[in-house]
Every structure is written in C-alpha cells, then in structure tokens.
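Below: input_30.cif (mmCIF, C-alpha atoms)
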```cif
data_data
loop_
_atom_site.group_PDB
_atom_site.id
_atom_site.type_symbol
_atom_site.label_atom_id
_atom_site.label_comp_id
_atom_site.auth_asym_id
_atom_site.auth_seq_id
_atom_site.Cartn_x
_atom_site.Cartn_y
_atom_site.Cartn_z
ATOM 1 C CA GLY C 1469 0.000 0.000 0.000
ATOM 2 C CA ALA C 1470 0.853 3.676 0.079
ATOM 3 C CA GLY C 1471 2.717 5.358 2.910
ATOM 4 C CA THR C 1472 6.093 5.735 4.534
ATOM 5 C CA LEU C 1473 8.431 2.836 5.170
ATOM 6 C CA GLY C 1474 10.451 2.761 8.371
ATOM 7 C CA GLU C 1475 14.166 3.542 8.317
ATOM 8 C CA HIS C 1476 15.260 -0.081 8.691
ATOM 9 C CA ARG C 1477 13.162 -1.354 5.801
ATOM 10 C CA SER C 1478 14.119 1.633 3.644
ATOM 11 C CA LYS C 1479 17.803 0.874 4.153
ATOM 12 C CA GLN C 1480 17.265 -2.797 3.377
ATOM 13 C CA ILE C 1481 15.942 -1.703 -0.021
ATOM 14 C CA LEU C 1482 18.979 0.528 -0.583
ATOM 15 C CA ALA C 1483 21.252 -2.362 0.318
ATOM 16 C CA ARG C 1484 19.588 -4.574 -2.308
ATOM 17 C CA TYR C 1485 20.792 -2.026 -4.876
ATOM 18 C CA GLY C 1486 24.359 -2.242 -3.603
ATOM 19 C CA ILE C 1487 24.209 1.045 -1.677
ATOM 20 C CA PRO C 1488 26.271 0.723 1.531
ATOM 21 C CA VAL C 1489 24.300 1.257 4.742
ATOM 22 C CA VAL C 1490 25.340 1.344 8.393
ATOM 23 C CA LYS C 1491 25.392 -1.797 10.490
ATOM 24 C CA GLU C 1492 22.302 -2.009 12.661
ATOM 25 C CA ALA C 1493 20.036 -4.328 14.613
ATOM 26 C CA LEU C 1494 16.268 -3.989 14.988
ATOM 27 C CA LEU C 1495 15.278 -5.219 18.441
ATOM 28 C CA GLN C 1496 12.124 -5.371 20.508
ATOM 29 C CA PRO C 1497 12.101 -3.540 23.872
ATOM 30 C CA GLY C 1498 12.021 -6.807 25.787
ATOM 31 C CA GLU C 1499 15.046 -8.092 23.889
ATOM 32 C CA ILE C 1500 17.040 -4.982 24.789
ATOM 33 C CA GLU C 1501 16.190 -5.200 28.488
ATOM 34 C CA VAL C 1502 17.722 -8.686 28.796
ATOM 35 C CA LEU C 1503 20.842 -8.044 26.698
ATOM 36 C CA LYS C 1504 24.077 -9.284 28.269
ATOM 37 C CA SER C 1505 26.205 -7.737 25.536
ATOM 38 C CA ALA C 1506 25.624 -5.145 22.849
ATOM 39 C CA PRO C 1507 24.634 -6.274 19.338
ATOM 40 C CA LEU C 1508 27.197 -3.826 17.888
ATOM 41 C CA ALA C 1509 30.428 -2.257 19.064
ATOM 42 C CA PHE C 1510 30.023 0.967 21.045
ATOM 43 C CA PRO C 1511 29.398 3.823 20.524
ATOM 44 C CA VAL C 1512 25.969 3.328 18.961
ATOM 45 C CA ALA C 1513 22.939 5.360 17.993
ATOM 46 C CA VAL C 1514 19.534 4.350 19.347
ATOM 47 C CA LYS C 1515 16.398 5.242 17.379
ATOM 48 C CA ILE C 1516 12.732 4.395 17.371
ATOM 49 C CA GLU C 1517 11.622 2.357 14.368
ATOM 50 C CA SER C 1518 8.186 3.502 13.288
ATOM 51 C CA ALA C 1519 6.769 4.201 9.845
ATOM 52 C CA ASP C 1520 4.391 6.621 11.588
ATOM 53 C CA ILE C 1521 7.283 8.774 12.863
ATOM 54 C CA PRO C 1522 9.401 9.513 9.784
ATOM 55 C CA HIS C 1523 11.169 12.452 11.430
ATOM 56 C CA LYS C 1524 12.523 10.863 14.582
ATOM 57 C CA THR C 1525 14.655 13.808 15.716
ATOM 58 C CA GLU C 1526 11.612 16.084 15.859
ATOM 59 C CA ALA C 1527 9.929 13.489 18.062
ATOM 60 C CA GLY C 1528 12.931 13.314 20.399
ATOM 61 C CA ALA C 1529 13.215 9.611 19.553
ATOM 62 C CA VAL C 1530 16.950 9.479 18.805
ATOM 63 C CA ARG C 1531 19.942 9.085 21.130
ATOM 64 C CA LEU C 1532 23.491 9.358 19.791
ATOM 65 C CA ASN C 1533 26.916 8.287 21.049
ATOM 66 C CA VAL C 1534 25.656 5.723 23.553
ATOM 67 C CA HIS C 1535 28.764 4.202 25.117
ATOM 68 C CA ASP C 1536 27.701 1.259 27.316
ATOM 69 C CA LEU C 1537 25.049 -1.400 27.838
ATOM 70 C CA ASP C 1538 23.244 0.421 30.665
ATOM 71 C CA GLY C 1539 23.143 3.536 28.514
ATOM 72 C CA LEU C 1540 21.753 1.498 25.612
ATOM 73 C CA LYS C 1541 18.904 0.142 27.728
ATOM 74 C CA GLN C 1542 18.098 3.579 29.107
ATOM 75 C CA ALA C 1543 18.239 5.136 25.633
ATOM 76 C CA ALA C 1544 15.801 2.514 24.347
ATOM 77 C CA ARG C 1545 13.352 3.330 27.150
ATOM 78 C CA GLU C 1546 13.672 7.041 26.389
ATOM 79 C CA VAL C 1547 13.084 6.809 22.635
ATOM 80 C CA ILE C 1548 10.036 4.571 23.155
ATOM 81 C CA ALA C 1549 8.584 7.020 25.689
ATOM 82 C CA ALA C 1550 9.319 9.982 23.418
ATOM 83 C CA ALA C 1551 7.663 8.259 20.461
ATOM 84 C CA ARG C 1552 4.524 7.459 22.434
ATOM 85 C CA LYS C 1553 4.362 11.018 23.747
ATOM 86 C CA PHE C 1554 4.819 12.435 20.249
ATOM 87 C CA LYS C 1555 2.205 10.196 18.624
ATOM 88 C CA ALA C 1556 0.265 7.943 20.950
ATOM 89 C CA ASN C 1557 -1.137 5.708 18.215
ATOM 90 C CA ALA C 1558 2.136 5.302 16.289
ATOM 91 C CA ARG C 1559 3.000 1.763 15.227
ATOM 92 C CA ILE C 1560 6.284 0.954 16.938
ATOM 93 C CA GLU C 1561 8.162 -1.812 15.151
ATOM 94 C CA GLY C 1562 11.064 -1.839 17.591
ATOM 95 C CA VAL C 1563 14.249 0.010 18.453
ATOM 96 C CA LEU C 1564 17.136 0.443 16.029
ATOM 97 C CA VAL C 1565 20.626 0.030 17.470
ATOM 98 C CA GLN C 1566 23.021 1.429 14.912
ATOM 99 C CA GLU C 1567 26.724 2.034 14.475
ATOM 100 C CA MET C 1568 27.826 5.664 14.740
ATOM 101 C CA ALA C 1569 29.015 6.651 11.268
ATOM 102 C CA THR C 1570 31.447 9.434 10.429
ATOM 103 C CA GLY C 1571 32.589 11.258 7.320
ATOM 104 C CA THR C 1572 31.576 14.243 5.230
ATOM 105 C CA GLU C 1573 27.791 14.534 5.086
ATOM 106 C CA VAL C 1574 25.889 14.695 1.815
ATOM 107 C CA ILE C 1575 22.201 14.244 1.080
ATOM 108 C CA VAL C 1576 20.541 12.316 -1.737
ATOM 109 C CA GLY C 1577 16.878 12.485 -2.606
ATOM 110 C CA ALA C 1578 14.482 11.410 -5.315
ATOM 111 C CA ILE C 1579 10.998 12.482 -6.290
ATOM 112 C CA ASN C 1580 8.699 11.033 -8.903
ATOM 113 C CA ASP C 1581 7.249 13.993 -10.774
ATOM 114 C CA ALA C 1582 3.868 13.397 -12.414
ATOM 115 C CA THR C 1583 5.053 15.001 -15.662
ATOM 116 C CA PHE C 1584 8.789 14.370 -15.866
ATOM 117 C CA GLY C 1585 9.166 11.128 -13.931
ATOM 118 C CA PRO C 1586 11.841 10.251 -11.357
ATOM 119 C CA ALA C 1587 14.554 12.807 -10.646
ATOM 120 C CA VAL C 1588 17.483 12.721 -8.214
ATOM 121 C CA ALA C 1589 18.752 15.604 -6.084
ATOM 122 C CA PHE C 1590 22.238 15.593 -4.573
ATOM 123 C CA GLY C 1591 23.892 18.118 -2.305
ATOM 124 C CA LEU C 1592 26.143 18.828 0.627
ATOM 125 C CA GLY C 1593 24.684 17.865 3.986
ATOM 126 C CA GLY C 1594 24.935 19.102 7.544
ATOM 127 C CA ILE C 1595 24.913 22.862 8.007
ATOM 128 C CA PHE C 1596 25.564 23.388 4.286
ATOM 129 C CA THR C 1597 22.069 22.127 3.435
ATOM 130 C CA GLU C 1598 20.430 25.121 5.089
ATOM 131 C CA LEU C 1599 23.213 27.688 4.688
ATOM 132 C CA ILE C 1600 24.006 27.547 0.986
ATOM 133 C CA LYS C 1601 21.436 25.113 -0.459
ATOM 134 C CA ASP C 1602 24.126 23.596 -2.661
ATOM 135 C CA VAL C 1603 22.126 21.043 -4.662
ATOM 136 C CA THR C 1604 22.224 19.627 -8.193
ATOM 137 C CA HIS C 1605 19.667 17.499 -10.081
ATOM 138 C CA ARG C 1606 19.424 14.820 -12.780
ATOM 139 C CA PHE C 1607 16.614 12.767 -14.265
ATOM 140 C CA ALA C 1608 16.866 9.073 -13.387
ATOM 141 C CA PRO C 1609 18.361 6.747 -14.358
ATOM 142 C CA PHE C 1610 21.925 7.846 -15.036
ATOM 143 C CA ASP C 1611 25.365 6.277 -14.926
ATOM 144 C CA ALA C 1612 28.436 6.939 -12.777
ATOM 145 C CA ALA C 1613 29.870 9.358 -15.358
ATOM 146 C CA ALA C 1614 26.780 11.556 -15.089
ATOM 147 C CA ALA C 1615 26.963 11.245 -11.305
ATOM 148 C CA LYS C 1616 30.533 12.578 -11.357
ATOM 149 C CA GLU C 1617 29.255 15.562 -13.339
ATOM 150 C CA MET C 1618 26.651 16.157 -10.625
ATOM 151 C CA ILE C 1619 29.340 16.092 -7.955
ATOM 152 C CA ALA C 1620 31.532 18.536 -9.905
ATOM 153 C CA GLU C 1621 28.613 20.981 -10.266
ATOM 154 C CA LEU C 1622 28.398 21.625 -6.525
ATOM 155 C CA LYS C 1623 29.742 24.978 -5.365
ATOM 156 C CA GLY C 1624 31.408 23.121 -2.519
ATOM 157 C CA ALA C 1625 32.756 20.255 -4.633
ATOM 158 C CA ALA C 1626 36.245 20.921 -3.255
ATOM 159 C CA LEU C 1627 35.033 19.592 0.109
ATOM 160 C CA LEU C 1628 34.802 16.206 -1.611
ATOM 161 C CA THR C 1629 37.707 16.386 -4.044
ATOM 162 C CA GLY C 1630 40.282 17.793 -1.599
ATOM 163 C CA TYR C 1631 41.331 21.342 -0.689
ATOM 164 C CA ARG C 1632 44.014 23.109 1.380
ATOM 165 C CA GLY C 1633 45.928 19.896 1.926
ATOM 166 C CA LYS C 1634 42.913 17.866 2.968
ATOM 167 C CA PRO C 1635 42.713 14.446 1.314
ATOM 168 C CA ALA C 1636 40.263 13.791 -1.493
ATOM 169 C CA LEU C 1637 37.271 11.663 -0.600
ATOM 170 C CA ASP C 1638 36.131 8.596 -2.531
ATOM 171 C CA VAL C 1639 34.289 10.394 -5.327
ATOM 172 C CA ALA C 1640 34.231 7.227 -7.465
ATOM 173 C CA ALA C 1641 32.357 5.327 -4.753
ATOM 174 C CA LEU C 1642 30.004 8.267 -4.264
ATOM 175 C CA ALA C 1643 29.288 8.403 -8.012
ATOM 176 C CA ASP C 1644 28.562 4.675 -8.017
ATOM 177 C CA THR C 1645 26.141 5.136 -5.113
ATOM 178 C CA LEU C 1646 24.347 7.991 -6.884
ATOM 179 C CA ALA C 1647 23.994 5.901 -10.055
ATOM 180 C CA ARG C 1648 22.612 2.945 -8.092
ATOM 181 C CA PHE C 1649 20.232 5.291 -6.278
ATOM 182 C CA SER C 1650 18.980 6.579 -9.638
ATOM 183 C CA LEU C 1651 18.352 3.011 -10.802
ATOM 184 C CA LEU C 1652 16.287 2.295 -7.694
ATOM 185 C CA ALA C 1653 14.173 5.406 -8.303
ATOM 186 C CA ALA C 1654 13.703 4.603 -12.006
ATOM 187 C CA ASP C 1655 13.134 0.853 -11.682
ATOM 188 C CA HIS C 1656 10.324 1.368 -9.170
ATOM 189 C CA ALA C 1657 8.883 4.641 -10.436
ATOM 190 C CA GLY C 1658 5.448 3.040 -10.358
ATOM 191 C CA ARG C 1659 5.660 2.491 -6.591
ATOM 192 C CA ILE C 1660 8.159 4.956 -5.115
ATOM 193 C CA ALA C 1661 6.959 8.523 -4.595
ATOM 194 C CA GLU C 1662 10.010 9.804 -2.712
ATOM 195 C CA ILE C 1663 13.353 8.659 -1.329
ATOM 196 C CA ASP C 1664 15.440 10.606 1.163
ATOM 197 C CA VAL C 1665 18.919 9.601 2.323
ATOM 198 C CA ASN C 1666 20.175 12.043 4.919
ATOM 199 C CA PRO C 1667 22.937 11.777 5.838
ATOM 200 C CA LEU C 1668 25.124 9.792 3.493
ATOM 201 C CA PHE C 1669 28.666 9.885 4.860
ATOM 202 C CA VAL C 1670 31.464 10.083 2.287
ATOM 203 C CA ARG C 1671 34.921 8.901 3.365
ATOM 204 C CA GLU C 1672 38.419 8.629 1.959
ATOM 205 C CA THR C 1673 37.472 5.051 1.153
ATOM 206 C CA GLY C 1674 33.831 4.316 0.461
ATOM 207 C CA GLY C 1675 30.829 5.772 2.188
ATOM 208 C CA VAL C 1676 27.691 4.732 4.024
ATOM 209 C CA ALA C 1677 24.046 5.751 4.351
ATOM 210 C CA ALA C 1678 23.162 6.444 7.984
ATOM 211 C CA ASP C 1679 19.457 7.229 7.552
ATOM 212 C CA ALA C 1680 16.878 6.654 4.830
ATOM 213 C CA LEU C 1681 13.204 7.130 4.165
ATOM 214 C CA ILE C 1682 11.147 5.735 1.306
ATOM 215 C CA VAL C 1683 7.571 6.875 0.626
ATOM 216 C CA LEU C 1684 5.406 4.577 -1.468
ATOM 217 C CA LYS C 1685 2.439 5.507 -3.611
ATOM 218 C CA ALA C 1686 -0.608 3.332 -4.062
#
```
What is this structure when it is put down as structure tokens?
Amino acid sequence: GAGTLGEHRSKQILARYGIPVVKEALLQPGEIEVLKSAPLAFPVAVKIESADIPHKTEAGAVRLNVHDLDGLKQAAREVIAAARKFKANARIEGVLVQEMATGTEVIVGAINDATFGPAVAFGLGGIFTELIKDVTHRFAPFDAAAAKEMIAELKGAALLTGYRGKPALDVAALADTLARFSLLAADHAGRIAEIDVNPLFVRETGGVAADALIVLKA
C-alpha cells in the first residue's frame, strides 16, 4: 500500500541495490532489556523504528553516542517514551541500534514527478544544506559518469575532491552510489513517490548511508 516505510526497511531496499548502509540491529524492547552484551560495538545510535514517525529527531526519539550497555537500555526506554508522547497511536516496530558513522555529510533524494518522472537531487549535507542550499539534479536513471558531473557541479565540490591539503574523498564510490540510487528510483517509479537519504557519509574510502526514508504511492 501507500505510505512511509520505516528507516530499517528503507535501508534494506537501498542495500539490495548495492548502496552501503550502516550496520544495525532492529530489536524489541524486551530483547534490549535482557541483553548481556551489545549487538554492535560501542558507541551506537539508538532510534525508534516507526513508519508513523518519519522524522525521529523532531519526536525526540533518537539518542546518539551511547557508550555502554546500561546507557543502551536507558536510551531505548527514552526513545520509546518519546515516540509514544509524540504520537500515541504510532506503530512501533522496535528500536534500532546502529553504528555511529562518520565522514563528510551529503544528502541524496528522489521524487517522482507526475510530468517528468523520477529525478534525483544531490547536495552537501549538515549545516551546508540550510546555509548555501548547494544542490544539483538529474533525471533518473543515469550512470556513474553523469553522477561525477553532478558532484563537480556543486559549489562546494572541493570539500569532496580535496582542498588546502585535505585528502580527497572517494568520489568514485560516491558516483557509483548515486547511479545505483537513480536506478532504484527509475526501476520502481510506479511504486516509489520519494526517497530521502540524509545523511550519506562520504569517506576517503567508500561511504555509508546512515538514515533513509522511502515513501510509497498506491
């Protein structure tokens, strides 16, 4: 049916297209309370998993940089309580325990326009998203060569390609991810209304999607 998919399921779909995503475990509250060891190495992020709460930060249902097992259990209790306070009838599918990712933040999005079809937007993330709105667009699908052109069009492209002695990031891997993302949007244009990956962390080697949201149409 139509509607928003949860973060975990959205990232599973990205992964099927070869887009790297963070390591994570989706657990039920009862499972977390009896944990004797963490499912992932610390530090971790703890998030509510609910298709009814697509913007978890606004709901106060995210905890970052959790460093021990007691903190993990407490964080899980807090995000569940915050989610229920934010939207009492929200479907809660569990709690996401996720590796803390690092790198340079970029954002990738797709919309399916009624006239022009699927299109991909790419830009710098973090504070740059709001400050300079540095974004470029392409119709989907496209290949890695076109993706590299998108990257080069950014005003802040030097943040990715290296500047003032800073090392260049893995632009080839980023271009491959953008091309795969465009294929996902184009292949399922009949079902996908929107995709949002924010943030995608770009590194000197590779990169990884830390959050994702897919909206389906009927």
Name the residues in contact with Phe1649 (chain C) at a cut-off of 12 Å, using all atoms listed in the file, excluding same-chain residues fewer than 3 positions from it; report them as a ChimeraX atom specification.
-> /C:1479,1481-1488,1575-1579,1586-1590,1606-1612,1615,1642-1646,1652-1656,1662-1665,1668,1677,1680,1682
Can you tell me how far CA of Arg1632 (chain C) sits from CA of Leu1592 (chain C), in Å to one decimal?
->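 Computed distance, CA of Arg1632 (chain C) to CA of Leu1592 (chain C), equals 18.4 Å.
Taking CA of Val1683 (chain C) and CA of Val1603 (chain C) as the two end points, the separation is 21.0 Å.
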Gap from CA of Asn1557 (chain C) to CA of Gly1474 (chain C) - Å, one decimal =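 Calculated distance between CA of Asn1557 (chain C) and CA of Gly1474 (chain C) is 15.5 Å.
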Which residue out of C:Val1574, C:Arg1477, C:Asp1581, C:Gly1539 has the minimum interatomic distance to Gly1593 (chain C) when all atoms listed in the file are used?
->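 Of C:Val1574, C:Arg1477, C:Asp1581, C:Gly1539, the one nearest Gly1593 (chain C), counting all atoms listed in the file, is C:Val1574.
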From the set C:Thr1572, C:Ser1650, C:Thr1583, C:Ser1478, which residue has the shortest atom-to-atom contact distance to Gly1624 (chain C), counting all atoms listed in the file?
->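 Of C:Thr1572, C:Ser1650, C:Thr1583, C:Ser1478, the one nearest Gly1624 (chain C) is C:Thr1572, counting all atoms listed in the file.
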If you apply the PyMOL selection byres ((chain C and resi 1536) around 12) to this file, what residues do you get, as a list in words?
->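 Selection result, ordered by chain and number: Leu1503, Lys1504, Ser1505, Ala1506, Pro1507, Leu1508, Ala1509, Phe1510, Pro1511, Val1512, Ala1513, Val1514, Leu1532, Asn1533, Val1534, His1535, Leu1537, Asp1538, Gly1539, Leu1540, Lys1541, Gln1542 and Ala1543 of chain C.
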Write to file, as a CSV table (one decimal), keeping the file's coordinate frame, the residues of the selection just made, with C-alpha atoms.
```csv
chain,number,residue,atom,x,y,z
C,1503,LEU,CA,20.8,-8.0,26.7
C,1504,LYS,CA,24.1,-9.3,28.3
C,1505,SER,CA,26.2,-7.7,25.5
C,1506,ALA,CA,25.6,-5.1,22.8
C,1507,PRO,CA,24.6,-6.3,19.3
C,1508,LEU,CA,27.2,-3.8,17.9
C,1509,ALA,CA,30.4,-2.3,19.1
C,1510,PHE,CA,30.0,1.0,21.0
C,1511,PRO,CA,29.4,3.8,20.5
C,1512,VAL,CA,26.0,3.3,19.0
C,1513,ALA,CA,22.9,5.4,18.0
C,1514,VAL,CA,19.5,4.4,19.3
C,1532,LEU,CA,23.5,9.4,19.8
C,1533,ASN,CA,26.9,8.3,21.0
C,1534,VAL,CA,25.7,5.7,23.6
C,1535,HIS,CA,28.8,4.2,25.1
C,1537,LEU,CA,25.0,-1.4,27.8
C,1538,ASP,CA,23.2,0.4,30.7
C,1539,GLY,CA,23.1,3.5,28.5
C,1540,LEU,CA,21.8,1.5,25.6
C,1541,LYS,CA,18.9,0.1,27.7
C,1542,GLN,CA,18.1,3.6,29.1
C,1543,ALA,CA,18.2,5.1,25.6
```
Option closest in space to Leu1681 (chain C), from C:Asp1520, C:Glu1492, C:Glu1621, C:Glu1499 [counting all atoms listed in the file] |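 Of all the options, C:Asp1520 lies closest to Leu1681 (chain C).
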Proximity to Ile1521 (chain C) - best of C:Leu1564, C:Ile1619, C:Gly1498, C:Thr1472, only C-alpha atoms |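 Closest candidate: C:Thr1472.
Nearest residue to Ala1636 (chain C), choosing from C:Gly1469, C:Gly1562, C:Gly1594, C:Gly1674 and counting all atoms listed in the file: C:Gly1674.
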Check the smallest atom-to-atom distance from each of C:Ala1527, C:Ala1686, C:Leu1627, C:Ala1647 to Ala1613 (chain C) using all atoms listed in the file, then report the winner.
-> C:Ala1647
Do you know which residues the PyMOL selection byres ((chain C and resi 1571) around 7) returns on this file, as a list of chain:residue names?
->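 Checking the PyMOL selection byres ((chain C and resi 1571) around 7) against this file, the residues are C:Thr1570, C:Thr1572, C:Glu1573, C:Phe1669, C:Val1670, C:Arg1671.
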Please, could you write that set of residues out with C-alpha atoms as a CSV table (one decimal), keeping the file's coordinate frame?
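out35.csv, freshly written:
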```
chain,number,residue,atom,x,y,z
C,1570,THR,CA,31.4,9.4,10.4
C,1572,THR,CA,31.6,14.2,5.2
C,1573,GLU,CA,27.8,14.5,5.1
C,1669,PHE,CA,28.7,9.9,4.9
C,1670,VAL,CA,31.5,10.1,2.3
C,1671,ARG,CA,34.9,8.9,3.4
```
Build an axis-aligned box that encloses every atom of region 1525-1539 of chain C listed in the file, pad it by 5 Å on each side, and report its centre and edge lengths in Å to one decimal, as JSON.
```
{"center_x": 19.3, "center_y": 7.3, "center_z": 23.2, "size_x": 28.8, "size_y": 27.5, "size_z": 24.9}
```
Taking the file as shown, what set of residues would the PyMOL selection byres ((chain C and resi 1496) around 12) give back, as a list in words?
-> Ala1493, Leu1494, Leu1495, Pro1497, Gly1498, Glu1499, Ile1500, Glu1501, Val1502, Leu1503, Lys1515, Ile1516, Glu1517, Lys1541, Ala1544, Arg1545, Ile1548, Ile1560, Glu1561, Gly1562, Val1563, Leu1564 and Val1565 of chain C
Tell me which protein, DNA and RNA residues are within 7 Å of Leu1628 (chain C), counting all atoms listed in the file, leaving out same-chain ones fewer than 2 positions away, and put them as a PyMOL selection string.
-> chain C and resi 1625-1626+1630+1636-1637+1639
Might you pull out every residue within 7 Å of Val1490 (chain C), with all atoms listed in the file counted and same-chain residues fewer than 5 positions away left off, and present them as a PyMOL selection string?
-> chain C and resi 1566-1567+1676-1678
